[in-house]
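Chemist: One structure coming up, written as C-alpha cells, with questions to follow.
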Amino acid sequence: MDHKYQVGDKVKVQLRFPPGHIRTPEYLRGKEGVVSRYFGQYRNPEKLAYGKDGMPLCHLYWVAFPVNDVWAHQPAEERDKLLVEIYEHWLDSA
Amino acid sequence: MVTTNDPNYYQSHKGGGNGHSHDNGHDHSHEDDTVERVEHDLDYFQVRVMALITILKEKGILTTDEMRRAVEDIYAQTPAIGSRVVAKAWSDPAFRERLLENAAAACDELGIDTSSVNHLVALENTDEVHYMVVCTLCSCYPRPLLGSPPTWYKSFPYRSKAVADPRGALHDLGYEAPEGIELRVVDSTADCRYLIIPRRPKGTEGWSEEKLYNLITRDSMIGVGDALTPDEFEANRAALVE
C-alpha cells in the first residue's frame with residue numbers, strides 16, 4: 001500500500017496513551033509537525049515486542065517539530081527543531 | 001541469613017533450606033510453594049544475567065564460548081569505525097554524496113557491515129545546520145559504527161534535556177551550539193540509526209584521509225561536539241607524550 005503522507009505535509013501526532021511497547025514519544029502526542037522524509041516500511045514494533053511477526057509493515061516518516069511549539073517553556077531558538085521517526089498509524093493530517 | 005557470591009548457590013539449595021524440618025508432623029510438601037529469600041552482594045541485573053546464562057547453557061541454546069565471542073564482538077565495535085567513514089567522506093566528495101544518499105551501501109564499500117541496523121542515516125553538520133542525536137525512549141545508537149553508547153547518552157538527564165532544552169543539554173556537556181545555527185535534535189526512536197558527519201575543521205585543506213581521521217571524535221559523530229581542530233589535536237598529542 002502507498003504511504004499516505006508526502007514530504008511537506010502537515011501532520012498531527014495522535015493524542016492517545018495505550019499501554020505497551022510504543023515508539024512514539026509521549027512528549028509529542030497531540031503535537032503538530034511537518035513530514036520531512038519518508039523512510040520506507042518496517043515491521044510494527046508494537047507487535048514485535050510481544051513475539052508477533054510485526055506484520056503488516058508500517059510506513060515510517062521523519063517528522064519535524066519546532067522545539068518551541070512542543071514545550072510551553074519555549075527553551076530553544078526559533079528555528080531549532082526536533083526530528084522524530086513516527087509510524088503512519090500514529091499520524092493524522094493537520 | 002546467608003551471604004553468597006556462589007553462582008551455584010541456588011542450584012545446590014534447590015528445594016531445601018525453607019527454615020524447618022519436614023519431619024515436624026504436618027505432611028504437605030513445601031518443595032514447590034516456598035521461595036527462599038537469600039541475601040547476597042549481587043545487584044538485580046547480576047542475578048538476572050547469571051540466571052539467563054544458566055538457562056541458555058542448560059537448554060543448549062548457547063555455549064559459554066559462543067557467549068564470550070559475542071561479548072568480544074560487541075567490544076570490537078568502536079568509534080574508530082565511524083571515524084574511518086567520516087574521514088573518507090571529508091576526502092572524497094563523491095563518497096560523501098553516496099553516504100548521504102544511502103549510508104549502508106556507502107559503508108559496504110569500505111567493508112563495514114551495518115546490516116544489524118534497519119536504516120542507517122548519515123547527516124551532515126554545516127555552517128547553517130547542526131544535528132545532535134538522542135534516544136529518549138532507550139539507548140538506540142549506531143553501534144556498528146560507534147560501538148556501545150557512552151553512559152551519559154543512556155542517562156535520564158541527557159535523554160530528557162536533549163529534547164526539552166537542547167542548547168542547555170549541549171552546554172552541560174561543555175559544548176556551545178553556534179549562535180544563529182539551526183539546531184536539529186534527532187530523537188532516534190524507531191528503525192533509523194544516525195551518523196553525524198561533523199564540520200571539517202578549518203586549516204585542514206590538503207590533509208590526507210589518514211591525517212583527517214585523527215580529528216574525528218566519537219562525540220562529534222553524535223553531534224554533541226565538533227571535530228578536533230589541528231591545534232587541539234597537537235595539544236592532545238603533546239599532553240599524551242608528557
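Naming works like this for the C-alpha cells: A, B, ... for the chains as they're shown, residue 1 at the start of each chain, ligands 1 onward in shown order.
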Using 7 Å as the limit and counting only C-alpha atoms, can you tabulate each residue of chain A that touches chain B, with its shortest atom-to-atom distance in Å and the two atoms involved, as JSON lines?

Modeler:
{"residue": "A:Arg23", "atom": "CA", "partner": "B:Thr189", "partner_atom": "CA", "distance": 5.8}
{"residue": "A:Pro25", "atom": "CA", "partner": "B:Leu137", "partner_atom": "CA", "distance": 7.0}
{"residue": "A:Trp71", "atom": "CA", "partner": "B:Ala164", "partner_atom": "CA", "distance": 6.9}
{"residue": "A:Pro75", "atom": "CA", "partner": "B:Asp165", "partner_atom": "CA", "distance": 5.3}
{"residue": "A:Ala76", "atom": "CA", "partner": "B:Asp165", "partner_atom": "CA", "distance": 6.5}
{"residue": "A:Arg79", "atom": "CA", "partner": "B:Glu182", "partner_atom": "CA", "distance": 5.5}
{"residue": "A:Asp80", "atom": "CA", "partner": "B:Leu183", "partner_atom": "CA", "distance": 4.7}
{"residue": "A:Lys81", "atom": "CA", "partner": "B:Arg184", "partner_atom": "CA", "distance": 4.8}
{"residue": "A:Leu82", "atom": "CA", "partner": "B:Val185", "partner_atom": "CA", "distance": 4.8}
{"residue": "A:Leu83", "atom": "CA", "partner": "B:Val186", "partner_atom": "CA", "distance": 4.8}
{"residue": "A:Val84", "atom": "CA", "partner": "B:Asp187", "partner_atom": "CA", "distance": 5.1}
{"residue": "A:Glu85", "atom": "CA", "partner": "B:Ala190", "partner_atom": "CA", "distance": 6.1}

Chemist: With N, CA and C atoms retained, write the just-selected residues as a PDB file, in the first residue's frame.

Modeler:
ATOM      1  N   ARG A  23       6.711   3.287  20.278  1.00  0.00           N
ATOM      2  CA  ARG A  23       7.912   4.041  19.903  1.00  0.00           C
ATOM      3  C   ARG A  23       7.615   5.515  19.610  1.00  0.00           C
ATOM      4  N   PRO A  25       7.206   8.974  21.112  1.00  0.00           N
ATOM      5  CA  PRO A  25       7.460   9.589  22.420  1.00  0.00           C
ATOM      6  C   PRO A  25       6.226  10.328  22.947  1.00  0.00           C
ATOM      7  N   TRP A  71       7.179  22.624  23.579  1.00  0.00           N
ATOM      8  CA  TRP A  71       7.321  22.896  25.019  1.00  0.00           C
ATOM      9  C   TRP A  71       6.804  24.288  25.348  1.00  0.00           C
ATOM     10  N   PRO A  75      12.155  26.638  25.145  1.00  0.00           N
ATOM     11  CA  PRO A  75      13.550  26.651  25.580  1.00  0.00           C
ATOM     12  C   PRO A  75      14.558  26.972  24.481  1.00  0.00           C
ATOM     13  N   ALA A  76      14.132  26.999  23.226  1.00  0.00           N
ATOM     14  CA  ALA A  76      15.111  26.964  22.136  1.00  0.00           C
ATOM     15  C   ALA A  76      15.098  28.257  21.314  1.00  0.00           C
ATOM     16  N   ARG A  79      14.381  28.691  15.220  1.00  0.00           N
ATOM     17  CA  ARG A  79      14.451  27.719  14.122  1.00  0.00           C
ATOM     18  C   ARG A  79      14.803  26.306  14.587  1.00  0.00           C
ATOM     19  N   ASP A  80      15.128  26.137  15.871  1.00  0.00           N
ATOM     20  CA  ASP A  80      15.548  24.822  16.366  1.00  0.00           C
ATOM     21  C   ASP A  80      14.407  23.813  16.242  1.00  0.00           C
ATOM     22  N   LYS A  81      14.770  22.593  15.850  1.00  0.00           N
ATOM     23  CA  LYS A  81      13.738  21.584  15.566  1.00  0.00           C
ATOM     24  C   LYS A  81      14.032  20.256  16.231  1.00  0.00           C
ATOM     25  N   LEU A  82      12.951  19.496  16.457  1.00  0.00           N
ATOM     26  CA  LEU A  82      13.060  18.093  16.830  1.00  0.00           C
ATOM     27  C   LEU A  82      12.698  17.281  15.594  1.00  0.00           C
ATOM     28  N   LEU A  83      13.485  16.272  15.285  1.00  0.00           N
ATOM     29  CA  LEU A  83      13.205  15.396  14.144  1.00  0.00           C
ATOM     30  C   LEU A  83      13.024  13.984  14.675  1.00  0.00           C
ATOM     31  N   VAL A  84      11.823  13.455  14.485  1.00  0.00           N
ATOM     32  CA  VAL A  84      11.487  12.200  15.152  1.00  0.00           C
ATOM     33  C   VAL A  84      10.802  11.252  14.170  1.00  0.00           C
ATOM     34  N   GLU A  85      11.165   9.959  14.271  1.00  0.00           N
ATOM     35  CA  GLU A  85      10.540   8.924  13.431  1.00  0.00           C
ATOM     36  C   GLU A  85       9.171   8.554  14.003  1.00  0.00           C
TER      37      GLU A  85
END

Chemist: Using DSSP on the backbone coordinates, identify the residues of segment 43-131 of chain B assigned to strand (DSSP E or B); present them as a list in words.

Modeler: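 Reading the DSSP output for segment 43-131 of chain B, strand (DSSP E or B) covers His119, Leu120, Val121, Ala122, Leu123, Glu124, Val129, His130 and Tyr131 of chain B.
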
Chemist: For the residues in the current selection, export all heavy atoms as a short mmCIF file (atom, residue, chain, number, x, y, z; two decimals), in the first residue's frame.

Modeler:
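The resulting file, out29.cif, is reproduced below:
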data_model
loop_
_atom_site.label_atom_id
_atom_site.label_comp_id
_atom_site.auth_asym_id
_atom_site.auth_seq_id
_atom_site.Cartn_x
_atom_site.Cartn_y
_atom_site.Cartn_z
N HIS B 119 17.88 0.90 9.12
CA HIS B 119 18.03 2.01 8.18
C HIS B 119 19.07 2.97 8.74
O HIS B 119 18.81 3.67 9.71
CB HIS B 119 16.68 2.72 8.00
CG HIS B 119 16.66 3.68 6.86
ND1 HIS B 119 15.67 3.72 5.92
CD2 HIS B 119 17.53 4.65 6.50
CE1 HIS B 119 15.92 4.66 5.02
NE2 HIS B 119 17.04 5.24 5.37
N LEU B 120 20.25 2.95 8.15
CA LEU B 120 21.33 3.83 8.61
C LEU B 120 21.24 5.16 7.85
O LEU B 120 21.08 5.18 6.63
CB LEU B 120 22.69 3.16 8.34
CG LEU B 120 23.91 3.91 8.87
CD1 LEU B 120 23.94 3.94 10.40
CD2 LEU B 120 25.19 3.27 8.32
N VAL B 121 21.30 6.25 8.60
CA VAL B 121 21.16 7.58 8.00
C VAL B 121 22.37 8.42 8.38
O VAL B 121 22.71 8.53 9.56
CB VAL B 121 19.87 8.28 8.53
CG1 VAL B 121 19.74 9.68 7.94
CG2 VAL B 121 18.64 7.44 8.21
N ALA B 122 23.04 9.00 7.37
CA ALA B 122 24.13 9.93 7.63
C ALA B 122 23.60 11.35 7.48
O ALA B 122 22.86 11.65 6.54
CB ALA B 122 25.28 9.68 6.65
N LEU B 123 23.95 12.20 8.44
CA LEU B 123 23.51 13.60 8.44
C LEU B 123 24.75 14.47 8.56
O LEU B 123 25.68 14.14 9.29
CB LEU B 123 22.58 13.86 9.62
CG LEU B 123 21.32 13.00 9.68
CD1 LEU B 123 20.65 13.14 11.05
CD2 LEU B 123 20.35 13.39 8.57
N GLU B 124 24.72 15.60 7.86
CA GLU B 124 25.91 16.42 7.79
C GLU B 124 25.73 17.73 8.55
O GLU B 124 24.77 18.47 8.31
CB GLU B 124 26.20 16.73 6.31
CG GLU B 124 27.51 17.40 6.08
CD GLU B 124 27.77 17.58 4.59
OE1 GLU B 124 26.84 18.02 3.87
OE2 GLU B 124 28.88 17.30 4.16
N VAL B 129 23.36 24.33 9.73
CA VAL B 129 22.56 23.33 10.45
C VAL B 129 23.46 22.48 11.33
O VAL B 129 24.54 22.05 10.90
CB VAL B 129 21.82 22.42 9.44
CG1 VAL B 129 21.14 21.26 10.17
CG2 VAL B 129 20.79 23.21 8.65
N HIS B 130 23.02 22.24 12.56
CA HIS B 130 23.77 21.35 13.45
C HIS B 130 22.84 20.26 13.99
O HIS B 130 21.85 20.56 14.66
CB HIS B 130 24.39 22.13 14.62
CG HIS B 130 25.26 21.29 15.50
ND1 HIS B 130 26.63 21.24 15.34
CD2 HIS B 130 24.96 20.42 16.50
CE1 HIS B 130 27.14 20.39 16.23
NE2 HIS B 130 26.14 19.88 16.94
N TYR B 131 23.17 19.01 13.67
CA TYR B 131 22.39 17.87 14.18
C TYR B 131 23.02 17.34 15.46
O TYR B 131 24.24 17.28 15.59
CB TYR B 131 22.39 16.73 13.15
CG TYR B 131 21.57 16.97 11.92
CD1 TYR B 131 22.17 17.44 10.74
CD2 TYR B 131 20.21 16.71 11.90
CE1 TYR B 131 21.43 17.64 9.59
CE2 TYR B 131 19.46 16.91 10.75
CZ TYR B 131 20.07 17.38 9.60
OH TYR B 131 19.33 17.57 8.46
#

Chemist: When you look at Phe65 of chain A with a cut-off of 8 Å (counting only C-alpha atoms), what residues show up, excluding the ones that are within fewer than 2 positions of it in the same chain? I need them as a ChimeraX atom specification.

Modeler: /A:31-34,63,67,69-70,81-83

Chemist: Report as a ChimeraX atom specification: the residues of chain A with a DSSP assignment of helix (DSSP H, G or I), based on the backbone of this structure.

Modeler: /A:26-28,45-48,67-70,88-90

Chemist: Identify, on the basis of only C-alpha atoms, every residue whose closest approach to segment 54-59 of chain A does not exceed 12 Å; exclude the query and any residue fewer than 5 positions from it along the same chain; express the result as a list in words.

Modeler: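 Near neighbours after the sequence-gap exclusion: Met1, Asp2, His3, Lys4, Tyr5, Gln6, Arg37, Tyr38, Phe39, Gly40, Gln41, Tyr42, Arg43, Asn44, Pro45, Glu46, Lys47, Leu48, Ala49, Glu85, Ile86, Tyr87, Glu88, His89, Trp90 and Leu91 of chain A; Ala190 and Asp191 of chain B.
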
Chemist: Deliver the residues from the most recent selection as a file, using C-alpha atoms, as a tab-separated table (two decimals), in the first residue's frame.

Modeler:
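To be explicit, this is the file written out as again-v4.tsv:
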chain	number	residue	atom	x	y	z
A	1	MET	CA	0.00	0.00	0.00
A	2	ASP	CA	1.21	3.51	-0.80
A	3	HIS	CA	2.16	5.78	2.02
A	4	LYS	CA	-0.39	8.43	2.90
A	5	TYR	CA	1.77	11.50	3.57
A	6	GLN	CA	4.31	13.30	1.40
A	37	ARG	CA	11.38	12.48	4.92
A	38	TYR	CA	9.77	9.16	4.16
A	39	PHE	CA	11.88	6.24	5.43
A	40	GLY	CA	10.05	3.23	3.99
A	41	GLN	CA	8.18	0.35	5.60
A	42	TYR	CA	9.13	-1.58	8.72
A	43	ARG	CA	7.70	-4.23	10.97
A	44	ASN	CA	5.49	-2.85	13.71
A	45	PRO	CA	7.49	-2.70	16.98
A	46	GLU	CA	4.26	-2.60	18.97
A	47	LYS	CA	3.71	-6.20	17.81
A	48	LEU	CA	7.35	-7.35	17.53
A	49	ALA	CA	7.86	-6.61	21.23
A	85	GLU	CA	10.54	8.92	13.43
A	86	ILE	CA	6.79	8.34	13.63
A	87	TYR	CA	4.78	5.46	12.14
A	88	GLU	CA	1.84	6.32	9.92
A	89	HIS	CA	-0.79	4.85	12.25
A	90	TRP	CA	0.19	7.48	14.83
A	91	LEU	CA	-0.38	10.43	12.46
B	190	ALA	CA	12.34	3.62	15.77
B	191	ASP	CA	14.17	1.93	12.89
